[in-house]
Structure formats: C-alpha cells, structure tokens
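J.: Here it is, the structure in full.
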Amino acid sequence: MRIDVVSIFPAYLEALSLSLVGKAVEAGVISLAVHDLRDATHDRHRTVDDTPYGGGPGMVMSPEPWGESLDALRASGGEAAPVLVIPTPSGVRFDQAMADDWSAAGWLVFACGRYEGIDARVADHYRERSDWAGVLEVSIGDYVLAGGEAAALVMIEAVARLLPGVLGNEVSAREDSFAAGEMSRRVEGPIYTKPPTWRGLDVPDVLMSGHHGRIAQWRREQSEERTRRMRPDLG
Ligand code: ABV
C-alpha cells in the first residue's frame, strides 16, 4: 500500500518511522512519504492561508497550494487512483470497519489541514476528478484538534496493522476482520498475566482452572458487564 501525507508540519509525522508502522515501512509492506505543503507555495513567506470570505474568526487554508501539491502526488503515481482522506471534526466518524475497507485500497493520500480548515473547493474538486478514487472527510472523534496530523497518525496506524504481513501473525489478522463487526457490538473484559498475586490482588480463580468452557463463559459475562458499564451506546 502507498500512503502519502501532506502537512505544514511534516516533522509531526516522524512517529510513523517507529513501532508497527515503521516496521511495515521497513519491510516494504507500506510505501510512505510525507510532504511539506509549503513546498507548493511560491511567495516569499510560503503562505498557505488567508482570511475567510464572509468574515469570522481564524484563517482558512488556501486552495492553490493544496491543488499543486495533490496534483504533483497524483502525477507521480502512474495509472493508480488515490483515495483522498481529509481529517476534519465535521467529517464522518472513523471506525474499525472503515480501517478494514481502507486496508484493501492501493493508495491513500492524507491532507492534513490546520487553522479553521481547508477551502471547501479542494474536497469538491478532487471528488469530481476521475483520476482520484474518492474524497473522504473523516473525524476520529467529537473533539477539536489543532490540525489533522494527529488524526492521520491514528488512522494510518489502524490501517497498517491490518495489512497482510504486518502483524507477522495471520491468526491475529483474521481475528481483526472479525473485530470490525464485533467492536461495534461489545468491548473486551479484563485480561491478566503473571504473577498470580500482585499487591494483594489475585488473578480470578476461573482463569487458573483449566476449564476452557467455564473460562469462555466467564469472559463472555465480563465482556457483557463491561460493555453495559463503559459503553451503554453499544449492544
Ligand atoms: C483536523 N480535529 S480532526 C483539522 N478531530 C483540525 C482539527 C481537527 C481535525 C479533529
């Protein structure tokens, strides 16, 4: 899978060289590049924003640098049509099912905006372009960040861990395609490892019993109880 990220803070994306995503890049499963939007400006101050038409607070990201940057990316990709992902608090909610869908896409381009957002004509334009595979305005949750970079990190990690060969564990990968459906219904209960007693707290006896049927039933009950308590919106 190819992933490009366009941002005015490319250093923000340096975390993608670490951990699971970094290993997937090193292994060649993901081809990742981060691009500075200011490289697509032509004035002395490398300006990427301007005041909003109609008035209002803050600044709006101008369409011209976005058009130039995104067109250059598309032109570097031969016949392939990328999906344009625009993180925004006004987008549709990102979830595990969406991560699953995207893990089958060949090419994702993340457009990380700052300030009050990107001129709306950018999304409109690339939605009309037949050499792009679509435009998705996506939110990771109901809170406002300073920009799309942190949201892009979240979405890229959620997609990367689903790609074949990234986990190095095909059982976990198969359980994850199941997880997309399961996660919208329930959350997992508590898990434990050694030692059997820690600071006076014991691991539940049933998990030490070796009775696989009782263990499975106990886990189901714990999952249901925690879902009721922590996620009353599910189930
Ligand atoms: C993108 N907040 S996504 C740009 N939750 C600016 C703020 C922001 C996003 C999110």
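By convention in this document, the chains of the structure tokens carry letters A, B, ... by their order, each chain's residues are numbered from 1, and ligands are numbered from 1 in the order they are shown.
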Within 12 Å of Leu153 in chain A, counting only C-alpha atoms, which residues show up once you throw out same-chain ones fewer than 2 positions away? Write them as a ChimeraX atom specification, please.

T.: /A:3-5,7,10,12-18,20-22,34,87,110-112,140,147-151,155-160

J.: Within 7 Å of ligand 1, which residues show up when you count only C-alpha atoms and all ligand atoms? List them as a PyMOL selection string, please.

T.: chain A and resi 87-89+112-117+139-148+151

J.: With N, CA and C atoms retained, export the selected residues as an mmCIF file, in the first residue's frame.

T.:
data_model
loop_
_atom_site.group_PDB
_atom_site.id
_atom_site.type_symbol
_atom_site.label_atom_id
_atom_site.label_comp_id
_atom_site.auth_asym_id
_atom_site.auth_seq_id
_atom_site.Cartn_x
_atom_site.Cartn_y
_atom_site.Cartn_z
ATOM 1 N N PRO A 87 -8.807 14.739 7.186
ATOM 2 C CA PRO A 87 -9.259 14.741 8.584
ATOM 3 C C PRO A 87 -9.913 16.080 8.917
ATOM 4 N N THR A 88 -11.094 16.030 9.491
ATOM 5 C CA THR A 88 -11.822 17.236 9.898
ATOM 6 C C THR A 88 -12.844 16.862 10.959
ATOM 7 N N PRO A 89 -13.026 17.710 11.986
ATOM 8 C CA PRO A 89 -14.017 17.378 13.015
ATOM 9 C C PRO A 89 -15.444 17.336 12.468
ATOM 10 N N CYS A 112 -3.619 17.010 5.614
ATOM 11 C CA CYS A 112 -3.753 17.484 6.998
ATOM 12 C C CYS A 112 -3.848 18.993 7.034
ATOM 13 N N GLY A 113 -5.024 19.493 7.371
ATOM 14 C CA GLY A 113 -5.247 20.927 7.466
ATOM 15 C C GLY A 113 -5.001 21.438 8.871
ATOM 16 N N ARG A 114 -4.704 22.713 8.955
ATOM 17 C CA ARG A 114 -4.572 23.411 10.241
ATOM 18 C C ARG A 114 -5.600 24.531 10.252
ATOM 19 N N TYR A 115 -5.518 25.399 11.250
ATOM 20 C CA TYR A 115 -6.404 26.550 11.333
ATOM 21 C C TYR A 115 -7.866 26.092 11.309
ATOM 22 N N GLU A 116 -8.725 26.847 10.674
ATOM 23 C CA GLU A 116 -10.160 26.551 10.713
ATOM 24 C C GLU A 116 -10.575 25.567 9.626
ATOM 25 N N GLY A 117 -9.625 25.125 8.807
ATOM 26 C CA GLY A 117 -9.960 24.144 7.785
ATOM 27 C C GLY A 117 -9.408 24.523 6.428
ATOM 28 N N SER A 139 -13.582 12.180 10.659
ATOM 29 C CA SER A 139 -13.267 12.613 12.023
ATOM 30 C C SER A 139 -12.891 11.407 12.866
ATOM 31 N N ILE A 140 -11.927 11.565 13.780
ATOM 32 C CA ILE A 140 -11.625 10.448 14.698
ATOM 33 C C ILE A 140 -12.406 10.569 16.000
ATOM 34 N N GLY A 141 -13.173 11.632 16.184
ATOM 35 C CA GLY A 141 -13.962 11.744 17.406
ATOM 36 C C GLY A 141 -14.441 13.159 17.615
ATOM 37 N N ASP A 142 -15.355 13.320 18.563
ATOM 38 C CA ASP A 142 -16.004 14.622 18.762
ATOM 39 C C ASP A 142 -15.206 15.511 19.696
ATOM 40 N N TYR A 143 -14.066 15.970 19.216
ATOM 41 C CA TYR A 143 -13.224 16.932 19.908
ATOM 42 C C TYR A 143 -12.437 17.636 18.814
ATOM 43 N N VAL A 144 -11.938 18.832 19.100
ATOM 44 C CA VAL A 144 -11.247 19.609 18.074
ATOM 45 C C VAL A 144 -9.750 19.608 18.345
ATOM 46 N N LEU A 145 -8.999 19.161 17.375
ATOM 47 C CA LEU A 145 -7.532 19.165 17.435
ATOM 48 C C LEU A 145 -7.022 20.459 16.817
ATOM 49 N N ALA A 146 -5.703 20.667 16.896
ATOM 50 C CA ALA A 146 -5.107 21.855 16.279
ATOM 51 C C ALA A 146 -4.915 21.655 14.784
ATOM 52 N N GLY A 147 -4.981 20.409 14.332
ATOM 53 C CA GLY A 147 -4.787 20.116 12.920
ATOM 54 C C GLY A 147 -5.030 18.648 12.657
ATOM 55 N N GLY A 148 -4.963 18.247 11.394
ATOM 56 C CA GLY A 148 -5.286 16.879 11.013
ATOM 57 C C GLY A 148 -4.185 15.867 11.260
ATOM 58 N N ALA A 151 -4.816 13.073 13.866
ATOM 59 C CA ALA A 151 -5.870 12.196 13.343
ATOM 60 C C ALA A 151 -5.313 11.275 12.257
#

J.: Would you please work out which residue, of A:Pro190, A:Gly200, A:Gly181, A:Gly165, is nearest to Lys23 in chain A when using only C-alpha atoms?

T.: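 For Lys23 in chain A, the nearest of the candidates is A:Gly165.
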
J.: Could you check how far CA of Glu188 in chain A sits from CA of Gln217 in chain A, in Å to one decimal?

T.: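 Answer for the CA of Glu188 in chain A to CA of Gln217 in chain A separation: 13.0 Å.
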
J.: For the structure I just gave you, how does DSSP split range 11-58 of chain A - specifically, which residues are strand (DSSP E or B)? Reply as a ChimeraX atom specification.

T.: /A:31-36,49-50

J.: Here is a test: counting only C-alpha atoms, which residue of A:Pro204, A:Val92, A:Ala104, A:Ile86 is nearest to Pro164 in chain A?

T.: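 Under the stated criterion, the closest residue is A:Ala104.
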
J.: By how many Å are CA of Ala24 in chain A and CA of Arg2 in chain A apart?

T.: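 Going from CA of Ala24 in chain A over to CA of Arg2 in chain A, I get 11.4 Å.
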
J.: Run DSSP on the backbone and tell me which residues of range 9-219 of chain A come out as helix (DSSP H, G or I); list them as an NGL selection string.

T.: :A and (10-17 or 19-26 or 37-40 or 63-75 or 96-102 or 121-128 or 149-160 or 170-183 or 205-208 or 212-219)

J.: For those residues, write C-alpha atoms to a file as a short mmCIF file (atom, residue, chain, number, x, y, z; two decimals), in the first residue's frame.

T.:
data_model
loop_
_atom_site.label_atom_id
_atom_site.label_comp_id
_atom_site.auth_asym_id
_atom_site.auth_seq_id
_atom_site.Cartn_x
_atom_site.Cartn_y
_atom_site.Cartn_z
CA PRO A 10 5.95 17.19 8.29
CA ALA A 11 8.01 16.55 11.46
CA TYR A 12 4.74 15.76 13.27
CA LEU A 13 4.57 12.57 11.19
CA GLU A 14 8.05 11.36 12.24
CA ALA A 15 6.35 8.96 14.66
CA LEU A 16 5.40 6.89 11.59
CA SER A 17 9.02 5.68 11.43
CA SER A 19 6.81 0.89 16.12
CA LEU A 20 4.44 -1.16 13.96
CA VAL A 21 4.04 1.35 11.10
CA GLY A 22 7.82 1.93 10.95
CA LYS A 23 8.40 -1.84 10.71
CA ALA A 24 5.78 -2.15 7.96
CA VAL A 25 7.59 0.58 6.00
CA GLU A 26 10.98 -1.11 6.54
CA LEU A 37 2.56 21.78 1.80
CA ARG A 38 4.76 24.90 1.82
CA ASP A 39 6.84 23.35 -0.97
CA ALA A 40 3.81 24.09 -3.18
CA PRO A 63 -6.86 26.01 -2.30
CA GLU A 64 -3.87 26.75 -4.58
CA PRO A 65 -1.06 25.04 -2.59
CA TRP A 66 -3.34 22.04 -1.96
CA GLY A 67 -4.13 21.75 -5.68
CA GLU A 68 -0.48 21.96 -6.69
CA SER A 69 0.71 19.52 -4.01
CA LEU A 70 -2.04 16.95 -4.64
CA ASP A 71 -1.70 17.17 -8.45
CA ALA A 72 2.06 16.53 -8.15
CA LEU A 73 1.39 13.47 -5.98
CA ARG A 74 -1.19 12.11 -8.42
CA ALA A 75 1.18 12.66 -11.36
CA GLN A 96 -12.72 -0.27 12.58
CA ALA A 97 -14.94 -1.10 9.57
CA MET A 98 -13.52 1.93 7.73
CA ALA A 99 -9.97 0.85 8.60
CA ASP A 100 -10.83 -2.59 7.18
CA ASP A 101 -12.10 -1.03 3.91
CA TRP A 102 -9.05 1.20 3.55
CA ARG A 121 -13.44 23.69 -3.10
CA VAL A 122 -10.47 21.35 -2.58
CA ALA A 123 -12.72 18.45 -1.47
CA ASP A 124 -15.29 19.35 -4.17
CA HIS A 125 -12.64 19.42 -6.91
CA TYR A 126 -10.99 16.07 -6.11
CA ARG A 127 -14.41 14.43 -5.72
CA GLU A 128 -15.06 15.37 -9.38
CA GLU A 149 -1.84 15.41 11.75
CA ALA A 150 -2.71 13.57 15.00
CA ALA A 151 -5.87 12.20 13.34
CA ALA A 152 -3.84 10.98 10.34
CA LEU A 153 -1.42 9.17 12.69
CA VAL A 154 -4.35 7.38 14.31
CA MET A 155 -5.96 6.35 11.02
CA ILE A 156 -2.68 5.22 9.42
CA GLU A 157 -1.82 3.02 12.41
CA ALA A 158 -5.31 1.48 12.45
CA VAL A 159 -4.99 0.61 8.73
CA ALA A 160 -1.33 -0.50 8.82
CA GLU A 170 -2.05 -14.41 10.42
CA VAL A 171 -4.35 -15.62 13.21
CA SER A 172 -4.44 -12.12 14.70
CA ALA A 173 -5.03 -10.63 11.26
CA ARG A 174 -8.04 -12.88 10.67
CA GLU A 175 -9.40 -12.12 14.15
CA ASP A 176 -9.18 -8.43 13.23
CA SER A 177 -11.53 -8.65 10.23
CA PHE A 178 -13.95 -10.26 12.71
CA ALA A 179 -13.12 -7.47 15.16
CA ALA A 180 -14.61 -4.75 12.93
CA GLY A 181 -18.08 -6.23 13.32
CA GLU A 182 -17.55 -7.37 16.90
CA MET A 183 -16.21 -4.00 18.10
CA ASP A 205 -9.60 -18.45 40.00
CA VAL A 206 -11.57 -19.45 36.90
CA LEU A 207 -8.66 -18.41 34.65
CA MET A 208 -6.35 -20.78 36.58
CA HIS A 212 -11.94 -23.96 28.85
CA GLY A 213 -15.73 -23.94 28.71
CA ARG A 214 -16.05 -22.08 32.03
CA ILE A 215 -13.28 -19.66 31.02
CA ALA A 216 -15.05 -18.82 27.76
CA GLN A 217 -18.36 -18.31 29.60
CA TRP A 218 -16.71 -16.11 32.26
CA ARG A 219 -15.09 -13.98 29.54
#

J.: State, in Å with one decimal place, the distance from CA of Arg220 in chain A to CA of Arg93 in chain A.

T.: 27.5 Å
